[in-house]
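J.: Next comes the structure file coords.cif, holding mmCIF, C-alpha atoms and all ligand atoms.
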```
data_query
#
loop_
_atom_site.label_atom_id
_atom_site.label_comp_id
_atom_site.auth_asym_id
_atom_site.auth_seq_id
_atom_site.Cartn_x
_atom_site.Cartn_y
_atom_site.Cartn_z
CA MET L 131 -25.67 -54.61 -59.92
CA ALA L 132 -22.66 -55.21 -57.74
CA ARG L 133 -19.19 -54.26 -58.87
CA TRP L 134 -16.89 -57.23 -58.25
CA ILE L 135 -13.37 -56.08 -57.43
CA ALA L 136 -10.36 -58.33 -56.79
CA ILE L 137 -7.53 -56.99 -54.65
CA GLY L 138 -4.38 -58.56 -55.97
CA MET L 139 -0.63 -58.56 -55.81
CA GLN L 140 1.66 -61.57 -55.87
CA LYS L 141 4.07 -59.91 -53.46
CA GLY L 142 3.21 -60.75 -49.88
CA GLY L 143 2.66 -58.35 -47.03
CA VAL L 144 2.07 -55.21 -49.10
CA GLY L 145 -1.31 -54.49 -47.51
CA LYS L 146 -3.90 -56.34 -49.62
CA THR L 147 -5.89 -57.44 -46.60
CA THR L 148 -5.43 -54.12 -44.83
CA LEU L 149 -6.96 -52.44 -47.87
CA ALA L 150 -9.69 -55.05 -48.36
CA THR L 151 -10.95 -54.82 -44.78
CA ASN L 152 -10.58 -51.08 -44.24
CA LEU L 153 -11.83 -50.06 -47.67
CA ALA L 154 -14.83 -52.37 -47.27
CA ALA L 155 -15.56 -50.80 -43.88
CA ALA L 156 -15.21 -47.27 -45.31
CA LEU L 157 -17.46 -48.07 -48.28
CA ALA L 158 -20.11 -49.54 -45.98
CA GLY L 159 -19.75 -47.48 -42.79
CA GLY L 160 -18.76 -44.20 -44.44
CA LEU L 161 -20.44 -44.12 -47.84
CA GLY L 162 -23.46 -46.26 -46.98
CA LEU L 163 -22.83 -48.90 -49.64
CA ARG L 164 -23.79 -52.56 -49.35
CA VAL L 165 -20.51 -54.44 -49.31
CA LEU L 166 -19.57 -58.11 -49.35
CA VAL L 167 -16.01 -59.34 -48.78
CA LEU L 168 -14.97 -62.77 -50.06
CA ASP L 169 -11.89 -64.17 -48.33
CA PHE L 170 -9.98 -66.23 -50.90
CA ASP L 171 -6.89 -66.59 -48.71
CA GLY L 172 -6.10 -69.67 -46.60
CA GLN L 173 -4.51 -67.31 -44.06
CA ARG L 174 -8.05 -66.02 -43.37
CA ASN L 175 -6.72 -62.57 -42.46
CA ALA L 176 -9.67 -60.70 -43.99
CA THR L 177 -12.08 -62.93 -42.07
CA VAL L 178 -10.31 -62.21 -38.79
CA GLY L 179 -9.96 -58.53 -39.71
CA LEU L 180 -13.73 -58.23 -40.19
CA LEU L 181 -15.12 -60.67 -37.64
CA GLY L 182 -12.46 -60.52 -34.93
CA ILE L 183 -12.12 -64.31 -35.19
CA ALA L 184 -12.17 -66.97 -37.88
CA PRO L 185 -15.31 -69.06 -37.24
CA GLU L 186 -14.51 -72.75 -36.81
CA GLN L 187 -18.02 -73.81 -37.77
CA GLY L 188 -20.60 -72.81 -40.31
CA PRO L 189 -20.50 -72.29 -44.06
CA THR L 190 -17.43 -70.75 -45.67
CA ILE L 191 -16.24 -69.89 -49.13
CA GLU L 192 -14.98 -73.48 -49.36
CA SER L 193 -18.41 -74.94 -48.61
CA VAL L 194 -19.90 -72.68 -51.29
CA LEU L 195 -17.37 -73.84 -53.88
CA ARG L 196 -17.03 -77.50 -52.88
CA GLU L 197 -20.44 -78.41 -51.51
CA ALA L 198 -22.76 -76.07 -53.38
CA VAL L 199 -23.87 -74.34 -50.18
CA PRO L 200 -25.72 -71.19 -51.32
CA LEU L 201 -23.54 -68.09 -51.15
CA SER L 202 -26.26 -66.32 -49.16
CA ASP L 203 -25.98 -68.97 -46.41
CA ALA L 204 -22.26 -68.30 -46.02
CA MET L 205 -22.47 -64.52 -45.58
CA ILE L 206 -21.90 -63.24 -42.07
CA HIS L 207 -22.84 -59.71 -41.03
CA THR L 208 -19.79 -58.09 -39.44
CA GLY L 209 -21.85 -56.60 -36.64
CA PHE L 210 -19.54 -53.68 -35.76
CA ALA L 211 -22.17 -51.19 -36.79
CA PRO L 212 -25.65 -52.72 -37.03
CA ARG L 213 -26.68 -50.34 -39.77
CA ALA L 214 -23.56 -50.78 -41.89
CA GLU L 215 -24.26 -53.38 -44.56
CA LEU L 216 -20.92 -55.12 -44.43
CA TYR L 217 -20.81 -58.88 -44.83
CA VAL L 218 -18.01 -61.40 -45.17
CA VAL L 219 -17.83 -64.93 -46.50
CA PRO L 220 -15.08 -66.57 -44.40
CA GLY L 221 -11.99 -68.15 -45.89
CA THR L 222 -10.57 -71.47 -44.73
CA ARG L 223 -7.15 -73.05 -44.33
CA GLY L 224 -8.45 -75.71 -46.71
CA LEU L 225 -8.26 -73.25 -49.61
CA THR L 226 -4.49 -73.62 -49.51
CA SER L 227 -4.44 -77.42 -49.41
CA TRP L 228 -7.12 -77.63 -52.11
CA GLU L 229 -5.06 -75.69 -54.63
CA PRO L 230 -2.46 -78.39 -55.51
CA GLU L 231 -5.28 -80.89 -56.07
CA ILE L 232 -6.62 -78.81 -58.95
CA ARG L 233 -4.70 -79.23 -62.20
CA ASP L 234 -6.56 -76.92 -64.51
CA TRP L 235 -6.86 -73.56 -62.78
CA ASN L 236 -8.61 -71.87 -65.67
CA SER L 237 -11.41 -74.43 -65.83
CA ALA L 238 -11.78 -74.31 -62.06
CA ALA L 239 -11.88 -70.51 -62.12
CA LEU L 240 -14.65 -70.61 -64.73
CA ARG L 241 -16.62 -73.12 -62.67
CA PHE L 242 -16.20 -70.98 -59.55
CA ARG L 243 -17.35 -67.91 -61.46
CA GLU L 244 -20.56 -69.69 -62.35
CA VAL L 245 -21.19 -70.65 -58.72
CA LEU L 246 -20.35 -67.31 -57.18
CA ARG L 247 -21.73 -64.81 -59.64
CA SER L 248 -25.06 -66.54 -60.01
CA GLY L 249 -25.18 -67.13 -56.23
CA LEU L 250 -25.47 -63.44 -55.46
CA ARG L 251 -28.94 -63.21 -56.97
CA TRP L 252 -31.34 -64.35 -54.36
CA ASP L 253 -34.46 -63.29 -52.62
CA ASP L 254 -35.40 -64.05 -49.04
CA GLY L 255 -39.08 -63.57 -49.77
CA ALA L 256 -39.25 -60.07 -48.32
CA ASN L 257 -36.30 -58.37 -49.91
CA GLU L 258 -34.10 -58.92 -52.81
CA HIS L 259 -30.65 -58.68 -51.30
CA ALA L 260 -28.28 -56.74 -53.40
CA PHE L 261 -24.74 -55.55 -52.98
CA ASP L 262 -23.07 -52.52 -54.47
CA VAL L 263 -19.56 -53.87 -54.14
CA VAL L 264 -18.01 -57.32 -53.74
CA LEU L 265 -14.36 -57.11 -52.69
CA ILE L 266 -12.19 -60.22 -53.00
CA ASP L 267 -9.06 -60.56 -50.86
CA THR L 268 -6.45 -62.80 -52.48
CA PRO L 269 -3.40 -64.63 -51.14
CA PRO L 270 0.20 -63.72 -51.94
CA ALA L 271 1.80 -65.55 -54.88
CA GLY L 272 -0.02 -66.07 -58.13
CA GLY L 273 -2.09 -69.20 -57.94
CA LEU L 274 -5.53 -70.67 -58.31
CA TRP L 275 -7.18 -68.13 -56.02
CA LEU L 276 -5.68 -65.06 -57.65
CA GLN L 277 -6.59 -66.54 -61.04
CA THR L 278 -10.14 -67.21 -59.84
CA ALA L 279 -10.48 -63.69 -58.42
CA LEU L 280 -9.31 -62.10 -61.68
CA THR L 281 -11.59 -64.39 -63.69
CA ILE L 282 -14.74 -63.60 -61.73
CA ALA L 283 -14.13 -59.88 -61.14
CA ASP L 284 -15.17 -56.86 -63.17
CA GLY L 285 -12.04 -55.03 -62.11
CA TYR L 286 -9.03 -55.32 -59.84
CA ILE L 287 -7.10 -53.09 -57.48
CA VAL L 288 -3.33 -53.33 -57.18
CA VAL L 289 -1.69 -52.52 -53.84
CA ALA L 290 1.99 -51.62 -53.81
CA GLN L 291 4.56 -50.10 -51.52
CA CYS L 292 7.26 -47.62 -52.47
CA GLU L 293 10.14 -50.04 -52.82
CA ARG L 294 11.80 -52.12 -55.50
CA TYR L 295 10.30 -55.56 -54.81
CA SER L 296 6.80 -54.10 -54.83
CA ALA L 297 7.50 -52.39 -58.14
CA GLU L 298 8.48 -55.77 -59.60
CA GLY L 299 5.34 -57.29 -58.11
CA VAL L 300 3.30 -54.67 -59.97
CA GLN L 301 4.73 -55.95 -63.24
CA MET L 302 3.74 -59.50 -62.28
CA ILE L 303 0.13 -58.71 -61.40
CA GLN L 304 -0.21 -56.65 -64.57
CA GLU L 305 1.11 -59.59 -66.57
CA THR L 306 -1.33 -61.99 -64.89
CA ALA L 307 -4.21 -59.60 -65.55
CA ARG L 308 -3.13 -59.23 -69.19
CA ARG L 309 -3.12 -63.02 -69.68
CA THR L 310 -6.53 -63.27 -68.04
CA ARG L 311 -7.86 -60.57 -70.35
CA GLU L 312 -6.32 -62.06 -73.47
CA ASP L 313 -7.95 -65.45 -72.92
CA ALA L 314 -11.42 -64.89 -74.33
CA ARG L 315 -12.80 -67.68 -72.14
CA LEU L 316 -11.50 -66.14 -68.95
CA ASN L 317 -12.17 -62.41 -68.62
CA PRO L 318 -11.65 -60.18 -71.66
CA ASP L 319 -13.46 -57.30 -69.94
CA LEU L 320 -11.23 -57.17 -66.84
CA VAL L 321 -10.07 -53.63 -66.07
CA LEU L 322 -7.82 -51.97 -63.53
CA ASP L 323 -10.17 -50.31 -61.04
CA GLY L 324 -7.54 -48.79 -58.80
CA PHE L 325 -3.92 -48.53 -57.84
CA VAL L 326 -3.24 -47.95 -54.14
CA VAL L 327 0.06 -47.12 -52.50
CA ASN L 328 0.34 -48.42 -48.96
CA ALA L 329 2.61 -47.93 -45.96
CA MET L 330 4.41 -44.78 -47.05
CA LYS L 331 7.44 -44.51 -44.80
CA ALA L 332 9.24 -41.21 -44.54
CA ARG L 333 12.46 -42.91 -43.48
CA ARG L 334 12.65 -45.17 -46.52
CA ALA L 335 15.05 -44.08 -49.27
CA ASN L 336 13.34 -42.38 -52.17
CA PRO L 337 9.69 -43.21 -51.43
CA HIS L 338 8.63 -40.23 -53.49
CA ALA L 339 10.48 -41.41 -56.59
CA PHE L 340 8.43 -44.63 -56.49
CA LEU L 341 5.26 -42.72 -55.73
CA GLU L 342 5.71 -40.43 -58.71
CA ALA L 343 6.57 -43.38 -60.96
CA TYR L 344 3.34 -45.15 -59.92
CA ARG L 345 1.27 -42.00 -60.43
CA ALA L 346 2.80 -41.54 -63.87
CA ALA L 347 2.25 -45.19 -64.83
CA PHE L 348 -1.40 -45.25 -63.66
CA PRO L 349 -2.67 -41.70 -64.13
CA ASP L 350 -6.36 -42.69 -64.23
CA ALA L 351 -6.45 -45.59 -61.83
CA PHE L 352 -4.25 -44.10 -59.08
CA LEU L 353 -6.40 -43.65 -55.99
CA GLU L 354 -5.43 -40.83 -53.65
CA PRO L 355 -4.17 -40.56 -51.03
CA PRO L 356 -1.25 -42.93 -50.46
CA ILE L 357 -1.78 -44.73 -47.14
CA PRO L 358 0.86 -43.74 -44.58
CA ASP L 359 2.56 -46.24 -42.31
CA PHE L 360 0.47 -45.62 -39.21
CA SER L 361 0.74 -47.76 -36.10
CA GLY L 362 -3.03 -47.28 -35.67
CA ILE L 363 -3.59 -49.33 -38.84
CA SER L 364 -1.65 -52.35 -37.60
CA ASP L 365 -3.14 -51.95 -34.10
CA ALA L 366 -6.63 -52.08 -35.61
CA ALA L 367 -5.67 -55.28 -37.46
CA THR L 368 -4.38 -56.76 -34.21
CA ASN L 369 -7.69 -55.95 -32.55
CA GLY L 370 -9.68 -57.34 -35.48
CA VAL L 371 -11.61 -54.10 -36.03
CA PRO L 372 -11.34 -51.96 -39.20
CA VAL L 373 -10.31 -48.37 -38.46
CA GLU L 374 -13.72 -47.06 -39.61
CA PHE L 375 -15.35 -48.87 -36.70
CA ALA L 376 -12.45 -48.59 -34.22
CA ALA L 377 -12.25 -44.79 -34.39
CA ARG L 378 -14.36 -43.16 -37.04
CA TRP L 379 -12.85 -39.69 -36.61
CA SER L 380 -9.23 -40.79 -36.57
CA LYS L 381 -6.75 -39.80 -39.27
CA GLU L 382 -6.50 -43.49 -40.19
CA ALA L 383 -10.24 -43.83 -40.83
CA ARG L 384 -10.26 -40.61 -42.83
CA ILE L 385 -7.58 -41.97 -45.20
CA PHE L 386 -9.69 -45.03 -46.03
CA ARG L 387 -12.82 -42.92 -46.48
CA GLN L 388 -10.92 -40.71 -48.92
CA LEU L 389 -9.89 -43.83 -50.84
CA ALA L 390 -13.49 -45.07 -50.74
CA ASP L 391 -14.63 -41.70 -52.10
CA ALA L 392 -12.03 -41.87 -54.87
CA LEU L 393 -13.17 -45.35 -55.87
CA ASN L 394 -16.83 -44.35 -55.63
CA ASP L 395 -16.22 -41.35 -57.89
CA ARG L 396 -14.20 -43.37 -60.37
CA LEU L 397 -16.66 -46.26 -60.68
CA ALA L 398 -19.94 -44.45 -59.94
CA LEU L 399 -20.80 -46.93 -57.21
CA GLY L 400 -23.61 -44.75 -55.90
CA GLY L 401 -22.25 -44.07 -52.40
CA VAL L 402 -22.65 -40.78 -50.56
CA ASN L 403 -19.34 -38.95 -50.51
CA THR L 404 -18.50 -38.23 -46.89
CA THR L 405 -15.02 -36.86 -46.48
CA ASP L 406 -15.97 -33.38 -47.65
CA HIS L 407 -18.36 -33.12 -44.77
CA VAL L 408 -16.37 -34.43 -41.83
CA PRO L 409 -13.76 -32.55 -39.84
CA ALA L 410 -10.14 -33.58 -40.43
CA ALA L 411 -9.81 -34.57 -36.79
CA VAL L 412 -11.95 -34.28 -33.70
CA PRO L 413 -11.05 -34.59 -30.04
CA GLY L 414 -11.00 -38.19 -28.93
CA GLY L 415 -10.51 -39.33 -32.48
CA LYS L 416 -7.25 -41.11 -31.84
CA LEU L 417 -7.00 -44.82 -32.41
N1 LIG L 501 -0.40 -48.59 -43.71
C1 LIG L 501 -0.01 -49.43 -42.75
N2 LIG L 501 0.47 -48.96 -41.57
C2 LIG L 501 0.88 -49.81 -40.60
N3 LIG L 501 0.85 -51.15 -40.70
C3 LIG L 501 0.38 -51.68 -41.85
C4 LIG L 501 -0.08 -50.86 -42.93
N4 LIG L 501 -0.49 -51.67 -43.93
C5 LIG L 501 -0.31 -52.93 -43.52
N5 LIG L 501 0.22 -52.94 -42.28
C6 LIG L 501 0.57 -54.14 -41.50
O1 LIG L 501 1.48 -54.89 -42.31
C7 LIG L 501 1.18 -56.28 -42.23
C8 LIG L 501 0.91 -56.83 -43.62
O2 LIG L 501 -0.30 -56.25 -44.11
P1 LIG L 501 -1.42 -57.15 -44.82
O3 LIG L 501 -1.64 -58.40 -44.05
O4 LIG L 501 -2.57 -56.27 -45.09
O5 LIG L 501 -0.67 -57.49 -46.18
P2 LIG L 501 -1.12 -58.55 -47.27
O6 LIG L 501 -0.65 -58.04 -48.58
O7 LIG L 501 -2.55 -58.87 -47.14
O8 LIG L 501 -0.27 -59.83 -46.83
P3 LIG L 501 -0.39 -61.30 -47.47
O9 LIG L 501 0.36 -61.20 -48.76
O10 LIG L 501 0.27 -62.18 -46.47
O11 LIG L 501 -1.84 -61.60 -47.66
C9 LIG L 501 0.03 -56.42 -41.26
O12 LIG L 501 0.55 -56.70 -39.98
C10 LIG L 501 -0.62 -55.05 -41.28
O13 LIG L 501 -1.27 -54.74 -40.05
MG MG L 502 -3.49 -60.74 -46.93
#
```
Could you show the structure in this file as structure tokens?
Ligand SMILES: Nc1ncnc2c1ncn2[C@@H]1O[C@H](COP(=O)(O)OP(=O)(O)OP(=O)(O)O)[C@@H](O)[C@H]1O
Ligand SMILES: [Mg+2]
T.:
Amino acid sequence: MARWIAIGMQKGGVGKTTLATNLAAALAGGLGLRVLVLDFDGQRNATVGLLGIAPEQGPTIESVLREAVPLSDAMIHTGFAPRAELYVVPGTRGLTSWEPEIRDWNSAALRFREVLRSGLRWDDGANEHAFDVVLIDTPPAGGLWLQTALTIADGYIVVAQCERYSAEGVQMIQETARRTREDARLNPDLVLDGFVVNAMKARRANPHAFLEAYRAAFPDAFLEPPIPDFSGISDAATNGVPVEFAARWSKEARIFRQLADALNDRLALGGVNTTDHVPAAVPGGKL
């Protein structure tokens, strides 16, 4: 059975999409897991990050939720590595304009859970398709789509940077998760699957004080290592290719495989741990 994991943080620009796309690629390309990414953000960054473009035609997450298109019809294979089982269901700009039309987010989230979680069980006649992990990328700001992601997920991953506004954002996402858990209708079983620190900058004042505070606050869920601020990571986003597929032996790709290993170990996802067996760097491994 797939583990459904929401990646959430109300604060914008902390690296939710960077983590969603690169972790998904590491789980699929590195650890051999079957991974599906759902793009719940009207910015469609995860879609572009995994497909290179946002498709203007064809089924999307919105058609699944609005028009009852089967989830299996909306999955697109990312195609970077034919053997890597990495699929994405594209987001749409319409997700953003739809949100203010919906008054009762909790009821909508419950309805969407029904559609999505039952939609993953299907059989094409030859094979029963199954995923090991479903990662959900969410938009900044708490809203319908973050609420839906937390309602349908088994667990969630928080992404934060080592600075004050991120630290306050951590309190907000924890509060939203607590409310979701405390409402028996919504998701009483929701757990924190991981805490990831992104974009460590040596030149920033006191990054290590924040880092240690996060490690102390989330001793079990903290996933090592913190992700450095590497230009290769933003370059890969610009090119629309996750670092795993852009340069498998780069230091950037290795970081995300280590995180994938940490998550795999923590949740027993069944992937083959890879980072122990690959060299730290090989010639030509630069992004
Ligand atoms: N570790 C990193 N090193 C270098 N650049 C990074 C890193 N992490 C993220 N970035 C860049 O920072 C920007 C913001 O990252 P990203 O889009 O992943 O954040 P986000 O939390 O998804 O934003 P939003 O809240 O808008 O959805 C992007 O341009 C991304 O390429
Ligand atoms: Mg994003």
J.: Set the cut-off to 8 Å, count only C-alpha atoms and all ligand atoms, and list whatever residues fall near ligand MG 502 (chain L) as a list in words.
T.: Gly142, Gly143, Gly145, Lys146, Thr147, Thr148, Asp171, Gln173, Arg174, Asn175, Ala176, Asp267, Thr268, Pro269 and Pro270 of chain L
J.: Next, write the just-selected residues to a file, as an mmCIF file, in the frame of the given file, keeping C-alpha atoms as the atom set.
T.:
```
data_model
loop_
_atom_site.group_PDB
_atom_site.id
_atom_site.type_symbol
_atom_site.label_atom_id
_atom_site.label_comp_id
_atom_site.auth_asym_id
_atom_site.auth_seq_id
_atom_site.Cartn_x
_atom_site.Cartn_y
_atom_site.Cartn_z
ATOM 1 C CA GLY L 142 3.210 -60.750 -49.880
ATOM 2 C CA GLY L 143 2.660 -58.350 -47.030
ATOM 3 C CA GLY L 145 -1.310 -54.490 -47.510
ATOM 4 C CA LYS L 146 -3.900 -56.340 -49.620
ATOM 5 C CA THR L 147 -5.890 -57.440 -46.600
ATOM 6 C CA THR L 148 -5.430 -54.120 -44.830
ATOM 7 C CA ASP L 171 -6.890 -66.590 -48.710
ATOM 8 C CA GLN L 173 -4.510 -67.310 -44.060
ATOM 9 C CA ARG L 174 -8.050 -66.020 -43.370
ATOM 10 C CA ASN L 175 -6.720 -62.570 -42.460
ATOM 11 C CA ALA L 176 -9.670 -60.700 -43.990
ATOM 12 C CA ASP L 267 -9.060 -60.560 -50.860
ATOM 13 C CA THR L 268 -6.450 -62.800 -52.480
ATOM 14 C CA PRO L 269 -3.400 -64.630 -51.140
ATOM 15 C CA PRO L 270 0.200 -63.720 -51.940
#
```
J.: Hey, which residues sit close to ligand LIG 501 (chain L)? Say within 10 Å, counting only C-alpha atoms and all ligand atoms, and write them as an NGL selection string.
T.: :L and (137-152 or 170-176 or 179 or 267-271 or 289-291 or 327-331 or 356-370 or 382 or 385)
J.: Closest to L:Ala214 among L:Glu374, L:Glu197, L:Glu186, L:Asp350, using all atoms listed in the file?
T.: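 Under the stated criterion, the closest residue is L:Glu374.
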J.: Show me the residues around (-7.8, -66.1, -69.0) - criterion: an atom at most 10 Å away, all atoms listed in the file counted - as a PyMOL selection string.
T.: chain L and resi 235-237+239-240+277-278+280-281+306-318+320
J.: Give the answer as one residue: which of L:Pro220, L:Pro200, L:Gly401, L:Gly160 has the shortest atom-to-atom distance to L:Pro185, using all atoms listed in the file?
T.: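 Once distances to L:Pro185 are computed over all atoms listed in the file, the minimum belongs to L:Pro220.
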J.: Just the number, please: distance in Å from atom CA of L:Val373 to atom CA of L:Leu161, one decimal.
T.: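 That distance, rounded to one decimal, is 14.4 Å.
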J.: Quick one: axis-aligned box around all listed atoms of stretch 303-320 of chain L, 5 Å on every side, centre and edge lengths in Å to one decimal, written as AutoDock Vina command-line options.
T.:
```
--center_x -6.2 --center_y -62.2 --center_z -67.9 --size_x 24.6 --size_y 21.0 --size_z 22.9
```
J.: Please identify all polymer residues within 8 Å of L:Leu153, counting all atoms listed in the file, omitting same-chain residues fewer than 3 positions from it, and present them as a PDB file with C-alpha atoms, keeping the file's coordinate frame.
T.:
```pdb
ATOM      1  CA  LEU L 149      -6.960 -52.440 -47.870  1.00  0.00           C
ATOM      2  CA  ALA L 150      -9.690 -55.050 -48.360  1.00  0.00           C
ATOM      3  CA  ALA L 156     -15.210 -47.270 -45.310  1.00  0.00           C
ATOM      4  CA  LEU L 157     -17.460 -48.070 -48.280  1.00  0.00           C
ATOM      5  CA  PHE L 386      -9.690 -45.030 -46.030  1.00  0.00           C
ATOM      6  CA  ARG L 387     -12.820 -42.920 -46.480  1.00  0.00           C
ATOM      7  CA  LEU L 389      -9.890 -43.830 -50.840  1.00  0.00           C
ATOM      8  CA  ALA L 390     -13.490 -45.070 -50.740  1.00  0.00           C
TER       9      ALA L 390
END
```
J.: I want to know what sits within 7 Å of L:Ala283, based on all atoms listed in the file, with residues of the same chain fewer than 4 positions away left out; could you give that as a list in words?
T.: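 Returned residues: Trp134, Ile135, Ala136, Ala279 and Leu320 of chain L.
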J.: From the list L:Ala155, L:Leu250, L:Ala351, L:Leu274, which residue is nearest L:Arg233 when using all atoms listed in the file?
T.: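 Among the listed residues, the smallest separation from L:Arg233 belongs to L:Leu274.
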J.: Tell me, in Å to one decimal, how far atom CA of L:Tyr295 is from atom CA of L:Asp323.
T.: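 Between these atoms lies a distance of 22.0 Å.
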J.: For a test of reading the model, state the distance in Å between atom CA of L:Val402 and atom CA of L:Gly159, rounded to one decimal.
T.: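 Atom CA of L:Gly159 lies at a distance of 10.7 Å from atom CA of L:Val402.
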